[in-house]
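Containing TSV, C-alpha atoms: entry-v3.tsv.
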```
chain	number	residue	atom	x	y	z
A	1	MET	CA	83.00	73.24	28.82
A	2	ALA	CA	83.39	70.24	31.10
A	3	LYS	CA	82.19	66.87	29.95
A	4	LYS	CA	80.97	64.22	32.33
A	5	LEU	CA	83.23	61.18	32.53
A	6	GLN	CA	82.91	57.73	34.05
A	7	THR	CA	83.18	57.22	37.79
A	8	ASP	CA	86.74	56.62	38.99
A	9	TRP	CA	86.03	53.04	40.06
A	10	PHE	CA	89.66	52.57	41.07
A	11	MET	CA	89.32	55.25	43.77
A	12	PHE	CA	85.92	53.84	44.73
A	13	VAL	CA	87.38	50.35	45.22
A	14	ILE	CA	90.34	51.71	47.21
A	15	ALA	CA	88.08	53.54	49.68
A	16	ALA	CA	85.55	50.70	49.95
A	17	GLY	CA	88.35	48.15	50.31
A	18	LEU	CA	90.00	50.08	53.13
A	19	ALA	CA	86.66	50.38	54.95
A	20	LEU	CA	85.82	46.68	54.58
A	21	PHE	CA	89.33	45.73	55.66
A	22	GLY	CA	88.81	48.02	58.64
A	23	SER	CA	85.67	46.10	59.60
A	24	LEU	CA	87.64	42.86	59.67
A	25	MET	CA	90.35	44.46	61.78
A	26	VAL	CA	87.73	45.84	64.17
A	27	TYR	CA	86.45	42.28	64.61
A	28	SER	CA	89.92	40.94	65.28
A	29	ALA	CA	90.80	43.75	67.69
A	30	SER	CA	87.50	43.79	69.60
A	31	ALA	CA	86.23	40.19	69.71
A	32	MET	CA	87.56	39.31	73.17
A	33	MET	CA	86.70	42.70	74.64
A	34	SER	CA	83.23	42.45	73.15
A	35	MET	CA	82.67	39.08	74.81
A	36	LYS	CA	83.82	40.52	78.13
A	37	GLU	CA	81.52	43.53	77.92
A	38	SER	CA	78.43	41.89	76.43
A	39	THR	CA	75.94	40.15	78.69
A	40	GLU	CA	75.20	37.77	75.82
A	41	SER	CA	78.91	37.00	75.32
A	42	SER	CA	78.82	38.01	71.66
A	43	GLN	CA	82.15	38.52	69.95
A	44	TYR	CA	80.55	40.37	67.03
A	45	THR	CA	79.11	43.44	68.79
A	46	TYR	CA	81.68	45.99	67.57
A	47	PHE	CA	82.15	44.24	64.23
A	48	LEU	CA	78.46	44.25	63.31
A	49	LYS	CA	78.07	47.93	64.22
A	50	GLN	CA	81.14	48.85	62.20
A	51	LEU	CA	80.09	46.73	59.22
A	52	MET	CA	76.66	48.37	59.24
A	53	PHE	CA	78.17	51.85	59.12
A	54	VAL	CA	80.68	50.80	56.46
A	55	LEU	CA	77.90	49.53	54.20
A	56	ILE	CA	75.89	52.72	54.81
A	57	GLY	CA	79.01	54.76	54.03
A	58	ILE	CA	79.71	52.87	50.79
A	59	VAL	CA	76.12	53.43	49.62
A	60	LEU	CA	76.32	57.12	50.50
A	61	MET	CA	79.71	57.40	48.77
A	62	PHE	CA	78.14	56.09	45.57
A	63	VAL	CA	75.05	58.32	45.91
A	64	VAL	CA	77.16	61.44	46.56
A	65	SER	CA	79.39	60.61	43.59
A	66	ARG	CA	76.35	60.78	41.28
A	67	PHE	CA	75.56	64.38	42.26
A	68	ASP	CA	77.22	67.38	40.65
A	69	TYR	CA	79.68	68.62	43.29
A	70	ARG	CA	79.07	72.18	42.06
A	71	ILE	CA	75.81	72.30	44.04
A	72	LEU	CA	78.13	72.93	47.00
A	73	ASN	CA	79.45	76.08	45.32
A	74	ASN	CA	76.53	78.10	46.61
A	75	LYS	CA	76.46	80.68	49.39
A	76	ALA	CA	73.29	79.35	51.01
A	77	VAL	CA	74.58	75.77	50.96
A	78	VAL	CA	77.96	76.76	52.41
A	79	ILE	CA	76.41	78.85	55.19
A	80	GLY	CA	73.98	76.02	55.94
A	81	ILE	CA	76.80	73.48	56.24
A	82	LEU	CA	78.85	75.80	58.47
A	83	THR	CA	75.83	76.53	60.66
A	84	VAL	CA	74.86	72.89	61.13
A	85	THR	CA	78.46	71.90	61.84
A	86	SER	CA	78.96	74.73	64.33
A	87	ILE	CA	75.72	73.93	66.16
A	88	ALA	CA	76.66	70.25	66.38
A	89	LEU	CA	80.15	71.11	67.67
A	90	ALA	CA	78.66	73.42	70.30
A	91	ALA	CA	76.00	70.87	71.29
A	92	VAL	CA	78.71	68.38	72.21
A	93	LEU	CA	79.67	70.59	75.15
A	94	PHE	CA	76.32	69.81	76.81
A	95	PHE	CA	76.88	66.05	76.78
A	96	PRO	CA	78.79	64.08	79.44
A	97	GLU	CA	82.53	63.52	79.07
A	98	ILE	CA	83.81	60.23	77.70
A	99	ASN	CA	87.41	59.35	78.58
A	100	GLY	CA	88.03	62.90	79.76
A	101	ALA	CA	86.76	64.70	76.65
A	102	LYS	CA	83.49	65.97	75.20
A	103	ARG	CA	83.46	64.89	71.57
A	104	TRP	CA	80.30	62.86	71.07
A	105	ILE	CA	76.56	63.41	70.80
A	106	ARG	CA	74.92	60.27	72.13
A	107	PHE	CA	71.40	59.03	71.42
A	108	SER	CA	69.65	55.63	71.48
A	109	GLY	CA	72.83	53.65	71.99
A	110	PHE	CA	74.68	55.38	69.15
A	111	SER	CA	77.11	58.27	69.20
A	112	PHE	CA	78.06	60.89	66.64
A	113	GLN	CA	81.29	62.88	66.53
A	114	PRO	CA	80.64	66.34	64.97
A	115	SER	CA	84.35	67.06	64.54
A	116	GLU	CA	84.24	64.65	61.59
A	117	LEU	CA	81.86	67.06	59.85
A	118	ALA	CA	84.34	69.92	60.40
A	119	LYS	CA	86.90	68.11	58.22
A	120	VAL	CA	84.46	68.39	55.29
A	121	ALA	CA	82.81	71.70	56.15
A	122	LEU	CA	86.12	73.60	56.24
A	123	PRO	CA	87.25	72.58	52.71
A	124	ILE	CA	83.80	73.41	51.33
A	125	PHE	CA	83.84	76.87	52.91
A	126	LEU	CA	87.42	77.69	51.89
A	127	ALA	CA	86.97	76.41	48.33
A	128	TRP	CA	83.81	78.49	47.89
A	129	TYR	CA	85.22	81.64	49.49
A	130	LEU	CA	88.63	81.57	47.81
A	131	ALA	CA	87.15	80.74	44.40
A	132	LYS	CA	84.73	83.65	44.78
A	133	ASN	CA	87.54	85.99	45.82
A	134	GLU	CA	90.15	84.72	43.39
A	135	THR	CA	91.53	88.18	42.61
A	136	THR	CA	92.04	89.13	46.28
A	137	VAL	CA	93.53	85.91	47.64
A	138	THR	CA	96.77	87.65	48.63
A	139	GLU	CA	95.10	90.61	50.34
A	140	LEU	CA	95.39	90.35	54.10
A	141	LYS	CA	92.36	92.37	55.25
A	142	THR	CA	89.81	91.36	52.65
A	143	THR	CA	90.49	87.63	52.25
A	144	VAL	CA	93.17	86.16	54.50
A	145	ILE	CA	91.64	87.30	57.80
A	146	ARG	CA	88.11	86.29	56.77
A	147	SER	CA	89.34	82.85	55.74
A	148	LEU	CA	91.12	82.53	59.08
A	149	ALA	CA	87.83	83.45	60.78
A	150	GLY	CA	86.22	80.36	59.24
A	151	LEU	CA	89.09	78.22	60.46
A	152	GLY	CA	88.94	79.87	63.87
A	153	LEU	CA	85.23	79.16	64.24
A	154	LEU	CA	85.50	75.43	63.56
A	155	ALA	CA	88.93	74.85	65.13
A	156	GLY	CA	87.98	76.87	68.20
A	157	LEU	CA	84.87	74.76	68.84
A	158	VAL	CA	86.88	71.58	68.32
A	159	MET	CA	89.50	72.80	70.80
A	160	LEU	CA	86.76	73.30	73.39
A	161	GLU	CA	86.17	69.56	73.07
A	162	LYS	CA	89.83	69.00	74.08
A	163	ASP	CA	90.58	67.60	70.62
A	164	LEU	CA	94.00	68.96	69.65
A	165	GLY	CA	94.56	66.27	67.03
A	166	THR	CA	91.54	67.22	64.91
A	167	THR	CA	92.43	70.90	65.33
A	168	ILE	CA	95.86	70.20	63.85
A	169	VAL	CA	94.25	68.35	60.92
A	170	LEU	CA	91.99	71.36	60.28
A	171	CYS	CA	95.04	73.64	60.27
A	172	VAL	CA	96.78	71.37	57.75
A	173	ILE	CA	93.67	71.46	55.52
A	174	PHE	CA	93.58	75.27	55.70
A	175	SER	CA	97.29	75.56	54.84
A	176	ALA	CA	97.02	73.21	51.84
A	177	ILE	CA	93.97	74.94	50.36
A	178	TYR	CA	95.26	78.46	50.89
A	179	PHE	CA	98.66	77.58	49.42
A	180	ALA	CA	96.99	76.06	46.35
A	181	ALA	CA	94.79	79.15	46.02
A	182	GLY	CA	97.88	81.31	45.55
A	183	ALA	CA	98.61	82.77	48.99
A	184	ARG	CA	101.86	84.61	49.52
A	185	LEU	CA	104.55	82.53	51.17
A	186	LEU	CA	104.96	85.28	53.77
A	187	HIS	CA	101.32	84.90	54.77
A	188	ILE	CA	101.61	81.11	54.84
A	189	ALA	CA	104.72	81.36	57.04
A	190	ALA	CA	103.03	83.86	59.37
A	191	VAL	CA	99.91	81.73	59.74
A	192	ALA	CA	102.02	78.61	60.29
A	193	GLY	CA	103.97	80.42	62.99
A	194	VAL	CA	100.79	81.45	64.76
A	195	MET	CA	99.49	77.88	64.54
A	196	VAL	CA	102.68	76.50	66.08
A	197	LEU	CA	102.55	79.05	68.91
A	198	ALA	CA	98.87	78.28	69.49
A	199	ALA	CA	99.60	74.54	69.62
A	200	ALA	CA	102.47	75.13	72.04
A	201	GLY	CA	100.19	77.26	74.20
A	202	ALA	CA	97.45	74.62	74.16
A	203	ILE	CA	100.00	72.06	75.35
A	204	ALA	CA	101.50	74.33	78.01
A	205	ILE	CA	98.18	75.17	79.69
A	206	ALA	CA	97.02	71.54	79.84
A	207	PRO	CA	98.97	69.37	82.32
A	208	TRP	CA	97.88	66.13	80.65
A	209	ARG	CA	99.30	67.33	77.33
A	210	VAL	CA	102.58	68.28	78.99
A	211	GLN	CA	102.72	64.77	80.44
A	212	ARG	CA	102.16	63.29	77.00
A	213	VAL	CA	105.04	65.31	75.56
A	214	LEU	CA	107.34	64.23	78.40
A	215	ALA	CA	106.24	60.64	77.89
A	216	PHE	CA	106.99	60.93	74.18
A	217	LEU	CA	110.53	62.18	74.90
A	218	ASP	CA	111.23	59.32	77.33
A	219	PRO	CA	108.50	56.69	76.85
A	220	TYR	CA	110.00	53.92	78.99
A	221	LYS	CA	110.25	56.23	81.99
A	222	TYR	CA	106.44	56.55	81.91
A	223	ALA	CA	105.77	53.00	80.72
A	224	ASP	CA	103.24	52.34	83.49
A	225	ASP	CA	101.07	55.42	82.92
A	226	GLU	CA	101.28	58.03	80.13
A	227	SER	CA	103.35	55.86	77.75
A	228	TYR	CA	101.60	52.58	78.51
A	229	GLN	CA	99.51	52.52	75.34
A	230	VAL	CA	102.40	53.56	73.09
A	231	ILE	CA	104.73	50.97	74.63
A	232	GLN	CA	102.15	48.22	74.12
A	233	SER	CA	101.69	49.48	70.56
A	234	LEU	CA	105.40	49.16	69.87
A	235	TYR	CA	105.41	45.66	71.38
A	236	ALA	CA	102.57	44.69	69.04
A	237	ILE	CA	104.26	46.04	65.92
A	238	GLY	CA	107.61	44.52	66.90
A	239	SER	CA	106.01	41.12	67.52
A	240	GLY	CA	104.58	41.07	64.02
A	241	GLY	CA	107.96	40.91	62.33
A	242	ILE	CA	107.91	40.71	58.54
A	243	LEU	CA	104.88	38.50	57.91
A	244	GLY	CA	102.90	38.87	61.14
A	245	GLU	CA	101.27	36.41	63.51
A	246	GLY	CA	98.25	35.88	61.27
A	247	PHE	CA	94.75	37.30	61.25
A	248	ALA	CA	93.10	37.32	64.70
A	249	LYS	CA	96.20	35.75	66.27
A	250	GLY	CA	97.65	38.88	67.84
A	251	GLN	CA	98.26	38.92	71.60
A	252	GLN	CA	98.59	42.59	72.56
A	253	LYS	CA	94.90	43.23	71.91
A	254	LEU	CA	94.07	40.74	74.67
A	255	PHE	CA	93.69	43.41	77.37
A	256	TYR	CA	97.26	44.70	77.06
A	257	LEU	CA	96.70	47.40	74.45
A	258	PRO	CA	93.83	49.70	75.55
A	259	TYR	CA	91.11	50.30	72.95
A	260	PRO	CA	92.91	48.34	70.22
A	261	TYR	CA	89.94	48.66	67.87
A	262	SER	CA	90.02	52.47	67.72
A	263	ASP	CA	93.00	54.84	67.65
A	264	PHE	CA	95.64	52.08	67.88
A	265	ILE	CA	94.18	49.62	65.40
A	266	PHE	CA	97.25	50.05	63.18
A	267	SER	CA	99.20	48.27	65.95
A	268	VAL	CA	96.94	45.25	65.54
A	269	VAL	CA	97.52	45.36	61.77
A	270	GLY	CA	101.26	45.38	62.42
A	271	GLU	CA	101.16	42.43	64.81
A	272	GLU	CA	98.88	40.26	62.69
A	273	PHE	CA	100.09	41.15	59.19
A	274	GLY	CA	103.64	42.27	59.93
A	275	LEU	CA	105.74	44.80	58.08
A	276	LEU	CA	104.29	43.74	54.73
A	277	GLY	CA	100.76	44.32	55.99
A	278	THR	CA	101.49	47.79	57.35
A	279	LEU	CA	103.31	48.74	54.15
A	280	ALA	CA	100.32	47.52	52.16
A	281	VAL	CA	98.03	49.82	54.17
A	282	VAL	CA	100.38	52.78	53.70
A	283	LEU	CA	100.66	52.02	49.97
A	284	THR	CA	96.87	51.90	49.68
A	285	PHE	CA	96.59	55.34	51.27
A	286	GLY	CA	99.27	56.45	48.80
A	287	LEU	CA	97.12	55.22	45.91
A	288	LEU	CA	94.14	57.06	47.36
A	289	LEU	CA	96.25	60.23	47.55
A	290	TRP	CA	97.21	59.81	43.89
A	291	ARG	CA	93.63	59.36	42.69
A	292	GLY	CA	92.31	62.13	44.94
A	293	ALA	CA	94.98	64.60	43.85
A	294	ARG	CA	94.42	63.59	40.23
A	295	ALA	CA	90.69	64.29	40.57
A	296	ALA	CA	91.38	67.66	42.18
A	297	MET	CA	93.90	68.88	39.62
A	298	ASN	CA	91.70	67.77	36.72
A	299	ALA	CA	88.62	69.52	38.08
A	300	PRO	CA	86.87	71.80	35.57
A	301	ASP	CA	86.81	74.83	37.86
A	302	ARG	CA	88.75	76.53	40.62
A	303	PHE	CA	86.19	75.53	43.26
A	304	GLY	CA	86.62	71.85	42.40
A	305	ILE	CA	90.40	72.08	42.50
A	306	LEU	CA	90.49	73.68	45.93
A	307	LEU	CA	87.74	71.46	47.34
A	308	GLY	CA	89.44	68.29	46.11
A	309	ILE	CA	92.81	69.37	47.53
A	310	GLY	CA	91.22	70.08	50.91
A	311	LEU	CA	89.33	66.79	51.14
A	312	ILE	CA	92.22	64.53	50.16
A	313	THR	CA	94.63	66.48	52.36
A	314	GLY	CA	92.37	65.97	55.38
A	315	ILE	CA	92.13	62.20	54.85
A	316	ILE	CA	95.84	61.64	54.24
A	317	ALA	CA	97.00	64.04	56.98
A	318	GLN	CA	94.82	62.22	59.50
A	319	ALA	CA	96.15	58.84	58.37
A	320	LEU	CA	99.76	59.98	58.65
A	321	PHE	CA	99.08	61.53	62.05
A	322	ASN	CA	97.51	58.33	63.39
A	323	ILE	CA	100.28	56.09	62.08
A	324	SER	CA	102.93	58.46	63.45
A	325	VAL	CA	101.38	58.26	66.92
A	326	VAL	CA	101.17	54.47	66.79
A	327	ILE	CA	104.87	54.09	65.94
A	328	SER	CA	105.82	56.89	68.39
A	329	ILE	CA	107.07	59.46	65.89
A	330	VAL	CA	104.84	62.16	67.43
A	331	PRO	CA	103.30	62.47	70.93
A	332	ALA	CA	100.19	60.40	71.60
A	333	LYS	CA	96.91	62.02	70.60
A	334	GLY	CA	93.54	60.43	70.09
A	335	ILE	CA	92.72	60.51	66.38
A	336	PRO	CA	91.31	57.60	64.34
A	337	LEU	CA	92.85	55.95	61.32
A	338	PRO	CA	90.51	56.84	58.41
A	339	PHE	CA	88.35	53.94	57.13
A	340	ILE	CA	89.92	51.43	59.53
A	341	SER	CA	89.43	52.58	63.13
A	342	TYR	CA	86.14	51.77	64.87
A	343	GLY	CA	83.66	54.62	64.64
A	344	GLY	CA	80.51	55.07	62.61
A	345	SER	CA	80.63	58.84	62.16
A	346	SER	CA	84.27	58.69	61.09
A	347	VAL	CA	83.89	56.02	58.42
A	348	VAL	CA	80.58	57.38	57.04
A	349	VAL	CA	81.78	60.99	56.74
A	350	THR	CA	85.15	59.92	55.27
A	351	LEU	CA	83.46	57.75	52.64
A	352	MET	CA	81.12	60.65	51.78
A	353	ALA	CA	84.19	62.88	51.36
A	354	VAL	CA	85.56	60.36	48.87
A	355	GLY	CA	82.15	60.48	47.18
A	356	ILE	CA	82.66	64.22	46.60
A	357	LEU	CA	86.10	63.49	45.14
A	358	LEU	CA	84.50	60.91	42.85
A	359	SER	CA	81.96	63.52	41.75
A	360	ILE	CA	84.78	65.96	40.97
A	361	SER	CA	86.55	63.29	38.89
A	362	ARG	CA	83.39	62.71	36.83
A	363	TYR	CA	83.45	66.31	35.58
A	364	ALA	CA	87.15	66.41	34.73
A	365	GLY	CA	86.73	67.32	31.07
A	366	GLU	CA	88.05	70.59	29.69
A	367	THR	CA	90.28	71.59	32.63
A	368	LYS	CA	92.84	73.79	30.99
A	369	SER	CA	91.49	77.15	32.15
A	370	ALA	CA	90.96	76.17	35.78
A	371	THR	CA	94.25	74.36	36.12
A	372	ASP	CA	96.16	77.13	34.37
A	373	SER	CA	94.58	79.63	36.77
A	374	VAL	CA	96.05	77.83	39.76
A	375	ARG	CA	99.38	77.33	38.05
A	376	SER	CA	99.63	80.94	36.91
A	377	ARG	CA	99.07	82.12	40.49
A	378	ALA	CA	101.73	79.69	41.69
A	379	TYR	CA	104.20	81.06	39.13
A	380	GLY	CA	103.24	84.60	40.09
A	381	ARG	CA	103.87	83.79	43.73
A	382	ARG	CA	107.30	82.42	42.91
A	383	ALA	CA	108.07	85.59	40.95
A	384	ARG	CA	106.99	87.86	43.80
A	385	ASN	CA	109.11	85.92	46.26
A	386	ALA	CA	112.13	85.58	43.98
```
Could you express the structure from this file as structure tokens?
Amino acid sequence: MAKKLQTDWFMFVIAAGLALFGSLMVYSASAMMSMKESTESSQYTYFLKQLMFVLIGIVLMFVVSRFDYRILNNKAVVIGILTVTSIALAAVLFFPEINGAKRWIRFSGFSFQPSELAKVALPIFLAWYLAKNETTVTELKTTVIRSLAGLGLLAGLVMLEKDLGTTIVLCVIFSAIYFAAGARLLHIAAVAGVMVLAAAGAIAIAPWRVQRVLAFLDPYKYADDESYQVIQSLYAIGSGGILGEGFAKGQQKLFYLPYPYSDFIFSVVGEEFGLLGTLAVVLTFGLLLWRGARAAMNAPDRFGILLGIGLITGIIAQALFNISVVISIVPAKGIPLPFISYGGSSVVVTLMAVGILLSISRYAGETKSATDSVRSRAYGRRARNA
């Protein structure tokens, strides 16, 4: 039987620290732009909004961590979460476009991005369904296809919003959870192949995505249009050197780098804190990965293991994706840096996801049976594919 342990305060501090650091970086990256946009010439507009959501997120992270995560392992709860998320994703399509995409529900001066909910709803659904169907995980018709239907529902609605980046993150979450659940490598390879073909098709039918790929292959050829933001990002990171220019002393954010407080905020970190600062951010995400994976693998049941793996995979995959775009390792795609980029829905939902991980870690008592179940399936998979 599981015994309740103390809250993993180390993981709590890591997540809260990243979010608070993000608020400071939002201030640095947005101060001048905020003064230009605000009729009252306030440099704190974006900062105060972000700080408010960060504080709300930290409180919710603590509150969620005090609940027993196993209340999510319930059919009615799972269906409710999927329904609410799906309705919110569909509702976005009836709102006006912002920067060429429909991703936000706007009301009373605030906006909400439902795709952030999908990054939590998908792990909850898969963990519940695969834990319930533990003995048929490798069966194509009964489990694999139905699991893919859940992915298809959420990812399909996100794709209608023209959000390929979040769709890729959802696919990574699915792959990680299903692999941990004991899927056959042949099924994993087949699903991965379909995902790659689907991504290639999504790029091929969208001219702006084709342009982004071409710009990625030869960025300086498109330096004045498609590659402009990436080029300015590289200038910012290169200017930072080893130690950086100092907090709030960066230059590229001064109307050279578009939207420096959102998807490309890591560039501002690089310019103002240098190589050491960017490595510190990456290391901090590495520590979060360690604590999140530790919580997942020490969970007292199969549902907790799979849920924890899905949540931490989503956070880290998104962080790696964002950083890779900023340093031009992958083609440009709008996706925020977790905890740090400007965006209330992103930081609140991400902190709540960490709250679930904290709840899982509090019940990591007698874990032998659950952990051995996952390991035995992994060994069985290796034997079948040997």
Centre, edges in Å (one decimal): axis-aligned box, segment 276-293 of chain A, 5 Å padding on all six sides, as lines of an AutoDock Vina configuration file:
```
center_x = 98.3
center_y = 54.2
center_z = 50.0
size_x = 22.0
size_y = 30.9
size_z = 24.7
```
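Atom CA of Ile205 of chain A lies 28.7 Å from atom CA of Leu82 of chain A.
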Show me, as a JSON list (two decimals) with C-alpha atoms, in the coordinates of the input, the residues that have an atom within 10 Å of segment 271-285 of chain A when counting all atoms listed in the file, minus same-chain residues fewer than 2 positions from it.
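As written to disk, selection_20.json reads:
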```json
[["chain", "number", "residue", "atom", "x", "y", "z"],
["A", 14, "ILE", "CA", 90.34, 51.71, 47.21],
["A", 15, "ALA", "CA", 88.08, 53.54, 49.68],
["A", 17, "GLY", "CA", 88.35, 48.15, 50.31],
["A", 18, "LEU", "CA", 90.00, 50.08, 53.13],
["A", 21, "PHE", "CA", 89.33, 45.73, 55.66],
["A", 25, "MET", "CA", 90.35, 44.46, 61.78],
["A", 28, "SER", "CA", 89.92, 40.94, 65.28],
["A", 233, "SER", "CA", 101.69, 49.48, 70.56],
["A", 234, "LEU", "CA", 105.40, 49.16, 69.87],
["A", 235, "TYR", "CA", 105.41, 45.66, 71.38],
["A", 236, "ALA", "CA", 102.57, 44.69, 69.04],
["A", 237, "ILE", "CA", 104.26, 46.04, 65.92],
["A", 238, "GLY", "CA", 107.61, 44.52, 66.90],
["A", 239, "SER", "CA", 106.01, 41.12, 67.52],
["A", 240, "GLY", "CA", 104.58, 41.07, 64.02],
["A", 241, "GLY", "CA", 107.96, 40.91, 62.33],
["A", 242, "ILE", "CA", 107.91, 40.71, 58.54],
["A", 243, "LEU", "CA", 104.88, 38.50, 57.91],
["A", 244, "GLY", "CA", 102.90, 38.87, 61.14],
["A", 245, "GLU", "CA", 101.27, 36.41, 63.51],
["A", 246, "GLY", "CA", 98.25, 35.88, 61.27],
["A", 247, "PHE", "CA", 94.75, 37.30, 61.25],
["A", 248, "ALA", "CA", 93.10, 37.32, 64.70],
["A", 249, "LYS", "CA", 96.20, 35.75, 66.27],
["A", 250, "GLY", "CA", 97.65, 38.88, 67.84],
["A", 251, "GLN", "CA", 98.26, 38.92, 71.60],
["A", 252, "GLN", "CA", 98.59, 42.59, 72.56],
["A", 253, "LYS", "CA", 94.90, 43.23, 71.91],
["A", 266, "PHE", "CA", 97.25, 50.05, 63.18],
["A", 267, "SER", "CA", 99.20, 48.27, 65.95],
["A", 268, "VAL", "CA", 96.94, 45.25, 65.54],
["A", 269, "VAL", "CA", 97.52, 45.36, 61.77],
["A", 287, "LEU", "CA", 97.12, 55.22, 45.91],
["A", 288, "LEU", "CA", 94.14, 57.06, 47.36],
["A", 289, "LEU", "CA", 96.25, 60.23, 47.55],
["A", 290, "TRP", "CA", 97.21, 59.81, 43.89],
["A", 291, "ARG", "CA", 93.63, 59.36, 42.69],
["A", 315, "ILE", "CA", 92.13, 62.20, 54.85],
["A", 316, "ILE", "CA", 95.84, 61.64, 54.24],
["A", 319, "ALA", "CA", 96.15, 58.84, 58.37],
["A", 320, "LEU", "CA", 99.76, 59.98, 58.65],
["A", 323, "ILE", "CA", 100.28, 56.09, 62.08],
["A", 338, "PRO", "CA", 90.51, 56.84, 58.41],
["A", 340, "ILE", "CA", 89.92, 51.43, 59.53]]
```
For Pro123 of chain A, which residue among A:Ile335, A:Ile173, A:Leu20, A:Val210 is the nearest when counting all atoms listed in the file?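 For Pro123 of chain A, the nearest of the given residues is A:Ile173.
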Have a look at atom CA of Val194 of chain A and atom CA of Met159 of chain A and let me know their distance in Å, one decimal. 15.5 Å
What is the distance between atom CA of Phe47 of chain A and atom CA of Tyr27 of chain A, in Å to one decimal?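 Between atom CA of Phe47 of chain A and atom CA of Tyr27 of chain A the gap works out to 4.7 Å.
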Which residues, written as a short mmCIF file (atom, residue, chain, number, x, y, z; two decimals) with C-alpha atoms, in the coordinates of the input, have at least one atom at most 9 Å from Pro96 of chain A, with only C-alpha atoms counted and residues fewer than 6 positions away on the same chain left out?
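Saved result, out.cif, follows:
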```
data_model
loop_
_atom_site.label_atom_id
_atom_site.label_comp_id
_atom_site.auth_asym_id
_atom_site.auth_seq_id
_atom_site.Cartn_x
_atom_site.Cartn_y
_atom_site.Cartn_z
CA LYS A 102 83.49 65.97 75.20
CA TRP A 104 80.30 62.86 71.07
CA ILE A 105 76.56 63.41 70.80
#
```
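Nearest residue to Thr350 of chain A among A:Leu117, A:Val77, A:Val59, A:Ala364 is A:Leu117, counting all atoms listed in the file.
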So which residues touch Ser23 of chain A within 12 Å, counting all atoms listed in the file, skipping near sequence neighbours fewer than 5 positions away, as an NGL selection string? :A and (16-18 or 28-31 or 44-55 or 261-262 or 265 or 338-344 or 347)
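Nearest residue to Asp8 of chain A among A:Arg209, A:Ile329, A:Ile309, A:Ser65 is A:Ser65, counting all atoms listed in the file.
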At a cut-off of 8 Å, using all atoms listed in the file, what residues contact Ala155 of chain A? Leave out same-chain residues fewer than 5 positions from it and give the result as a ChimeraX atom specification. /A:167,170-171
Using all atoms listed in the file: which of A:Leu214, A:Leu140, A:Ile71, A:Ala88 has the shortest distance to Gly304 of chain A: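 Closest candidate: A:Ile71.
Each of A:Ser346, A:Ile87, A:Leu72, A:Tyr178 was checked against Glu116 of chain A using all atoms listed in the file; the smallest atom-to-atom distance is that of A:Ser346.
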Between A:Ala202, A:Ala353, A:Ala293, A:Ile360, which one has atoms that come closest to Leu160 of chain A, using only C-alpha atoms? A:Ala202
